[in-house]
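File shown: target.cif. Contents: mmCIF, C-alpha atoms.
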data_start
loop_
_atom_site.label_atom_id
_atom_site.label_comp_id
_atom_site.auth_asym_id
_atom_site.auth_seq_id
_atom_site.Cartn_x
_atom_site.Cartn_y
_atom_site.Cartn_z
CA MET A 1 13.00 19.70 -6.90
CA THR A 2 15.10 18.10 -4.16
CA THR A 3 18.82 18.79 -4.54
CA TYR A 4 21.93 17.32 -3.03
CA ALA A 5 21.98 20.19 -0.54
CA ASP A 6 18.63 19.09 0.79
CA VAL A 7 19.79 15.59 1.69
CA ARG A 8 23.52 16.04 2.31
CA PRO A 9 24.95 14.60 5.54
CA THR A 10 24.90 16.93 8.53
CA GLN A 11 26.18 16.84 12.08
CA ARG A 12 23.14 14.81 13.11
CA THR A 13 23.38 11.17 14.11
CA PRO A 14 22.97 8.67 11.22
CA ILE A 15 19.43 7.82 12.32
CA ALA A 16 18.49 11.50 12.65
CA ARG A 17 20.00 12.24 9.22
CA TYR A 18 18.05 9.37 7.72
CA ARG A 19 14.75 10.51 9.25
CA HIS A 20 15.38 14.12 8.20
CA SER A 21 16.15 13.13 4.61
CA LEU A 22 13.20 10.74 4.55
CA TRP A 23 10.84 13.50 5.63
CA LEU A 24 12.27 15.94 3.07
CA LEU A 25 11.73 13.48 0.22
CA THR A 26 8.26 12.60 1.49
CA LYS A 27 7.29 16.27 1.67
CA ARG A 28 8.53 16.70 -1.88
CA ASP A 29 6.27 13.88 -3.07
CA LEU A 30 3.27 15.32 -1.26
CA HIS A 31 4.04 18.83 -2.53
CA VAL A 32 4.18 17.61 -6.13
CA ARG A 33 0.92 15.72 -5.70
CA TYR A 34 -1.06 18.39 -3.85
CA ALA A 35 0.50 21.85 -4.24
CA THR A 36 1.10 21.64 -7.99
CA ASN A 37 -2.37 20.27 -8.84
CA ALA A 38 -5.57 22.21 -8.42
CA LEU A 39 -7.41 19.00 -7.54
CA GLY A 40 -4.58 17.47 -5.51
CA TYR A 41 -6.65 16.00 -2.68
CA VAL A 42 -9.34 14.87 -5.08
CA TRP A 43 -6.83 12.83 -7.07
CA SER A 44 -5.85 10.87 -3.95
CA ILE A 45 -9.43 9.68 -3.40
CA LEU A 46 -10.73 9.65 -6.97
CA ASP A 47 -9.35 6.23 -7.89
CA PRO A 48 -10.86 4.30 -4.95
CA LEU A 49 -14.12 6.24 -5.31
CA LEU A 50 -14.42 5.38 -9.00
CA MET A 51 -13.59 1.73 -8.35
CA ALA A 52 -16.09 1.61 -5.49
CA GLY A 53 -18.72 3.19 -7.72
CA ILE A 54 -18.18 0.63 -10.46
CA TYR A 55 -18.34 -2.35 -8.14
CA TYR A 56 -21.30 -0.87 -6.29
CA PHE A 57 -23.18 -0.59 -9.58
CA VAL A 58 -22.29 -4.15 -10.59
CA PHE A 59 -22.95 -5.92 -7.30
CA VAL A 60 -25.68 -3.78 -5.72
CA VAL A 61 -27.60 -2.30 -8.66
CA ILE A 62 -27.30 -5.22 -11.09
CA PHE A 63 -26.94 -8.24 -8.78
CA GLN A 64 -29.06 -6.72 -5.98
CA ARG A 65 -26.48 -7.26 -3.28
CA GLY A 66 -27.43 -4.68 -0.67
CA ASN A 67 -25.30 -5.62 2.31
CA ALA A 68 -22.21 -7.57 3.27
CA GLY A 69 -22.47 -8.87 6.80
CA GLU A 70 -23.93 -6.16 9.01
CA ALA A 71 -22.88 -3.05 7.09
CA PRO A 72 -23.72 -1.58 3.66
CA TYR A 73 -21.75 -3.00 0.76
CA ILE A 74 -20.27 0.39 -0.17
CA VAL A 75 -18.57 0.52 3.24
CA PHE A 76 -17.35 -3.04 2.71
CA LEU A 77 -15.82 -1.99 -0.60
CA LEU A 78 -14.14 1.18 0.63
CA SER A 79 -12.68 -0.43 3.74
CA GLY A 80 -10.82 -2.79 1.42
CA LEU A 81 -10.19 -0.46 -1.51
CA LEU A 82 -8.48 2.29 0.48
CA PRO A 83 -5.67 0.11 1.90
CA TRP A 84 -5.44 -1.60 -1.49
CA THR A 85 -4.92 1.80 -3.14
CA TRP A 86 -2.03 2.42 -0.72
CA PHE A 87 -0.53 -0.97 -1.54
CA ASN A 88 -1.11 -0.74 -5.29
CA GLY A 89 0.24 2.81 -5.60
CA ALA A 90 3.37 2.03 -3.60
CA VAL A 91 4.18 -1.16 -5.53
CA LEU A 92 3.78 0.63 -8.86
CA ASP A 93 6.08 3.43 -7.69
CA PHE A 94 8.69 0.88 -6.57
CA THR A 95 9.30 0.06 -10.23
CA LYS A 96 10.59 3.63 -10.72
CA ALA A 97 12.04 4.24 -7.27
CA PHE A 98 15.66 4.33 -8.45
CA SER A 99 15.33 5.39 -12.08
CA ARG A 100 13.28 8.50 -11.30
CA ASP A 101 16.01 10.11 -9.16
CA SER A 102 19.06 8.26 -10.46
CA LYS A 103 21.41 11.29 -10.39
CA LEU A 104 20.43 12.22 -6.85
CA ILE A 105 20.74 8.62 -5.68
CA ARG A 106 24.26 8.30 -7.05
CA SER A 107 25.40 11.59 -5.56
CA THR A 108 24.18 11.15 -1.98
CA ALA A 109 25.79 9.30 0.90
CA ILE A 110 22.56 8.36 2.68
CA PRO A 111 21.27 4.76 2.38
CA ARG A 112 19.37 4.22 -0.85
CA THR A 113 16.61 2.46 1.06
CA ILE A 114 15.27 5.92 1.75
CA TRP A 115 13.86 6.07 -1.79
CA ILE A 116 11.79 3.01 -1.01
CA ASN A 117 10.69 4.07 2.46
CA ARG A 118 9.62 7.53 1.28
CA ILE A 119 7.22 5.89 -1.18
CA VAL A 120 5.70 3.81 1.60
CA LEU A 121 5.45 6.87 3.85
CA SER A 122 4.03 9.28 1.27
CA LYS A 123 1.45 6.76 0.05
CA GLY A 124 0.63 5.99 3.68
CA ILE A 125 -0.06 9.66 4.36
CA GLU A 126 -2.33 9.75 1.31
CA PHE A 127 -4.12 6.72 2.74
CA LEU A 128 -4.71 8.64 5.97
CA PHE A 129 -5.99 11.60 3.93
CA SER A 130 -8.55 9.32 2.30
CA LEU A 131 -10.03 7.99 5.56
CA PRO A 132 -12.51 10.89 5.94
CA VAL A 133 -14.15 9.60 2.75
CA LEU A 134 -14.71 6.22 4.41
CA ALA A 135 -16.03 7.97 7.52
CA VAL A 136 -18.54 10.02 5.50
CA PHE A 137 -19.86 6.96 3.66
CA ALA A 138 -20.06 4.98 6.92
CA ILE A 139 -22.06 7.74 8.61
CA PHE A 140 -24.52 8.28 5.76
CA ALA A 141 -24.91 4.53 5.14
CA GLY A 142 -25.51 3.87 8.82
CA ALA A 143 -22.60 1.47 9.26
CA GLN A 144 -21.82 0.45 12.83
CA LEU A 145 -18.24 1.12 13.98
CA ASN A 146 -16.79 -1.74 16.01
CA TRP A 147 -14.15 -1.58 18.75
CA ASN A 148 -11.87 -3.56 16.42
CA ILE A 149 -10.89 -0.16 15.03
CA VAL A 150 -8.07 -0.33 17.63
CA PHE A 151 -6.37 -2.91 15.41
CA TRP A 152 -5.87 -0.44 12.57
CA PRO A 153 -2.40 0.66 13.76
CA LEU A 154 -1.42 -3.03 13.76
CA ALA A 155 -2.78 -3.42 10.22
CA MET A 156 -0.86 -0.36 9.05
CA ALA A 157 2.35 -1.63 10.67
CA ILE A 158 2.01 -5.02 8.96
CA GLN A 159 1.32 -3.33 5.63
CA CYS A 160 4.34 -1.05 6.00
CA VAL A 161 6.66 -3.98 6.70
CA MET A 162 5.23 -5.92 3.78
CA MET A 163 5.61 -3.01 1.36
CA VAL A 164 9.14 -2.15 2.47
CA GLY A 165 10.10 -5.76 1.82
CA LEU A 166 8.48 -5.72 -1.62
CA GLY A 167 10.14 -2.40 -2.40
CA LEU A 168 13.58 -3.76 -1.52
CA ILE A 169 12.93 -6.58 -3.99
CA ILE A 170 11.25 -4.72 -6.85
CA ALA A 171 13.22 -1.44 -6.93
CA PRO A 172 16.69 -2.96 -7.54
CA VAL A 173 15.56 -5.90 -9.70
CA VAL A 174 13.64 -3.68 -12.14
CA VAL A 175 16.88 -1.84 -12.90
CA PHE A 176 18.18 -5.05 -14.52
CA PHE A 177 14.89 -6.30 -15.95
CA LYS A 178 12.88 -3.42 -17.42
CA ASP A 179 10.01 -5.74 -18.37
CA LEU A 180 9.35 -6.32 -14.68
CA GLU A 181 7.47 -3.01 -14.59
CA ARG A 182 4.81 -4.35 -16.94
CA ALA A 183 4.80 -7.70 -15.17
CA VAL A 184 4.12 -5.97 -11.86
CA ARG A 185 1.09 -4.23 -13.34
CA LEU A 186 -0.34 -7.54 -14.54
CA ILE A 187 0.34 -9.25 -11.21
CA LEU A 188 -1.39 -6.42 -9.35
CA ARG A 189 -4.50 -6.83 -11.49
CA LEU A 190 -4.66 -10.52 -10.64
CA LEU A 191 -3.82 -9.86 -7.00
CA PHE A 192 -6.72 -7.44 -6.66
CA TYR A 193 -9.25 -10.19 -7.34
CA ALA A 194 -7.34 -12.69 -5.20
CA SER A 195 -7.33 -10.44 -2.12
CA ALA A 196 -11.01 -10.67 -1.13
CA ILE A 197 -11.69 -6.99 -1.75
CA VAL A 198 -15.00 -7.24 -3.58
CA PHE A 199 -16.15 -10.37 -1.75
CA GLN A 200 -15.81 -12.04 1.64
CA VAL A 201 -13.46 -14.98 2.16
CA THR A 202 -16.37 -17.08 3.39
CA GLU A 203 -17.97 -16.75 -0.05
CA VAL A 204 -15.09 -18.54 -1.76
CA PRO A 205 -15.83 -22.24 -2.48
CA ASP A 206 -13.88 -24.69 -0.32
CA PRO A 207 -11.45 -25.95 -2.99
CA PHE A 208 -10.19 -22.40 -3.54
CA ARG A 209 -10.60 -20.92 -0.06
CA THR A 210 -7.30 -22.34 1.18
CA LEU A 211 -5.48 -20.88 -1.80
CA VAL A 212 -7.01 -17.45 -1.23
CA ALA A 213 -6.20 -17.66 2.49
CA LEU A 214 -2.50 -18.01 1.65
CA ASN A 215 -2.54 -14.51 0.20
CA PRO A 216 -1.09 -12.30 3.00
CA LEU A 217 -3.25 -9.38 1.87
CA VAL A 218 -6.46 -11.23 2.75
CA GLY A 219 -5.85 -11.29 6.49
CA LEU A 220 -4.53 -7.74 6.35
CA PHE A 221 -7.65 -6.35 4.69
CA GLY A 222 -9.79 -8.41 7.06
CA LEU A 223 -8.05 -6.65 9.93
CA TYR A 224 -9.00 -3.28 8.45
CA ARG A 225 -12.55 -4.39 7.76
CA SER A 226 -13.07 -5.72 11.27
CA ALA A 227 -13.79 -2.12 12.31
CA PHE A 228 -17.16 -2.52 10.55
CA PHE A 229 -17.32 -6.29 10.00
CA PRO A 230 -16.24 -8.16 13.17
CA ALA A 231 -16.76 -11.50 11.44
CA ASP A 232 -14.02 -10.64 8.93
CA LEU A 233 -11.37 -10.75 11.66
CA ASP A 234 -9.60 -14.11 11.43
CA TRP A 235 -6.42 -14.23 13.49
CA LYS A 236 -5.14 -17.21 11.51
CA LEU A 237 -5.29 -15.13 8.35
CA VAL A 238 -3.69 -12.21 10.19
CA LEU A 239 -0.86 -14.55 11.21
CA VAL A 240 -0.40 -15.44 7.54
CA SER A 241 -0.13 -11.71 6.82
CA VAL A 242 2.48 -11.21 9.56
CA ILE A 243 4.55 -14.17 8.37
CA GLY A 244 4.23 -13.01 4.76
CA ALA A 245 5.34 -9.48 5.67
CA LEU A 246 8.40 -10.77 7.56
CA VAL A 247 9.32 -13.15 4.74
CA PHE A 248 9.09 -10.36 2.16
CA LEU A 249 11.21 -8.13 4.39
CA ALA A 250 13.88 -10.80 4.88
CA ILE A 251 14.04 -11.55 1.15
CA GLY A 252 14.03 -7.84 0.37
CA VAL A 253 16.97 -7.09 2.67
CA TRP A 254 18.93 -9.97 1.12
CA VAL A 255 18.16 -8.88 -2.46
CA TYR A 256 18.97 -5.24 -1.72
CA ARG A 257 22.32 -6.00 -0.11
CA ARG A 258 23.32 -8.32 -2.93
CA THR A 259 22.38 -5.95 -5.75
CA ILE A 260 22.71 -2.32 -4.62
CA ARG A 261 26.34 -1.85 -5.74
CA THR A 262 25.57 -3.22 -9.17
CA VAL A 263 22.40 -1.14 -9.33
CA LEU A 264 24.40 2.06 -8.78
CA LYS A 265 26.69 1.11 -11.65
CA GLU A 266 23.79 0.32 -13.96
CA MET A 267 21.92 3.60 -13.38
#
Can you present the structure in this file as structure tokens?
Amino acid sequence: MTTYADVRPTQRTPIARYRHSLWLLTKRDLHVRYATNALGYVWSILDPLLMAGIYYFVFVVIFQRGNAGEAPYIVFLLSGLLPWTWFNGAVLDFTKAFSRDSKLIRSTAIPRTIWINRIVLSKGIEFLFSLPVLAVFAIFAGAQLNWNIVFWPLAMAIQCVMMVGLGLIIAPVVVFFKDLERAVRLILRLLFYASAIVFQVTEVPDPFRTLVALNPLVGLFGLYRSAFFPADLDWKLVLVSVIGALVFLAIGVWVYRRTIRTVLKEM
């Protein structure tokens, strides 16, 4: 368990202190997830694997959909499910970001944004840990890797900005409105099907395609998928993702600054 001594201010610069404390809290999260569970690594990949298996059975076995574009459908699923798992897990944890460590948060002098950023970082590391699973399926399924793989760092950067912004909104607001935690779960379920994870954007009928394209996650996941599906890379959709990430970040910073003092009193 992380104590005040672990994150107390030191003689380091403010930025160095912040990074040091962020890494300590992130290591704690990873230690709890991996070191204290016999199947630690398995748990990080089990959820996307089970989801991929279900959708593979439905779309490939039942509806006889063998391929999406130029690569096997299972690769199509995983290349969207893995970043979605990062997003979904982080957003769910944002609802408990402050309540889970309320005593520690009140007793430290470091910025409370660290409890949001450590969720993004720890879930991001788990995302990286899950990539070998995608690689194994791609190799055995014979999927062709495209040079667009170089855009993955850009996709991860956009996703990080987007999630930090959402965390700055959700974490403080849920302290005042406890029902928001359940609402977030419902919204995530709807968002999953609106993010073109189990289908391609081009398959959406015209009246609804514009609405789906406004979802900033669609262009983001297309950027990931372009490593195997070059046709999924649409820079207009990526621009929507960038704008969406920056808007969420701007709103998040505003919400956090306006509410953090009251949040500390409420906890």
Could you tell me which of A:Trp84, A:Trp147, A:Phe137, A:Tyr224 comes closest to Tyr193 in chain A if we count all atoms listed in the file?
A:Trp84
Report as a list in words the residues that result from applying the PyMOL selection byres ((chain A and resi 82) around 8) to the structure here.
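When the PyMOL selection byres ((chain A and resi 82) around 8) is applied to the shown file, the picked residues are Pro48, Leu78, Ser79, Gly80, Leu81, Pro83, Trp84, Thr85, Trp86, Phe127, Ser130 and Leu131 of chain A.
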Keeping only C-alpha atoms, write the selected residues to a file as a PDB file, keeping the file's coordinate frame.
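Wrote it out as result34.pdb, contents follow:
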ATOM      1  CA  PRO A  48     -10.860   4.300  -4.950  1.00  0.00           C
ATOM      2  CA  LEU A  78     -14.140   1.180   0.630  1.00  0.00           C
ATOM      3  CA  SER A  79     -12.680  -0.430   3.740  1.00  0.00           C
ATOM      4  CA  GLY A  80     -10.820  -2.790   1.420  1.00  0.00           C
ATOM      5  CA  LEU A  81     -10.190  -0.460  -1.510  1.00  0.00           C
ATOM      6  CA  PRO A  83      -5.670   0.110   1.900  1.00  0.00           C
ATOM      7  CA  TRP A  84      -5.440  -1.600  -1.490  1.00  0.00           C
ATOM      8  CA  THR A  85      -4.920   1.800  -3.140  1.00  0.00           C
ATOM      9  CA  TRP A  86      -2.030   2.420  -0.720  1.00  0.00           C
ATOM     10  CA  PHE A 127      -4.120   6.720   2.740  1.00  0.00           C
ATOM     11  CA  SER A 130      -8.550   9.320   2.300  1.00  0.00           C
ATOM     12  CA  LEU A 131     -10.030   7.990   5.560  1.00  0.00           C
TER      13      LEU A 131
END
In Å to one decimal, how far is CA of Glu181 in chain A from CA of Glu266 in chain A?
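If I compute the distance from CA of Glu266 in chain A to CA of Glu181 in chain A, I get 16.7 Å.
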Applied to this file, what does the PyMOL selection byres ((chain A and resi 166) around 9) return in terms of residues, put as an MDAnalysis selection string?
chainID A and resid 91 94 161:165 167:171 245 248:249 251:252
Calculated over only C-alpha atoms, which of the candidates A:Phe140, A:Leu77, A:Ile110, A:Ile158 has the smallest distance to Met51 in chain A?
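Among the listed residues, the smallest separation from Met51 in chain A belongs to A:Leu77.
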For the file shown, what are the residues hit by the PyMOL selection byres ((chain A and resi 200-215) around 10), laid out as a ChimeraX atom specification?
/A:68-69,76,191,193-199,216-220,222,231-232,236-238,240-241,244
Minimum-distance residue to Phe151 in chain A, chosen among A:Ala227, A:Val120, A:Leu92, A:Val184 (using all atoms listed in the file):
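Nearest candidate to Phe151 in chain A out of A:Ala227, A:Val120, A:Leu92, A:Val184: A:Ala227.
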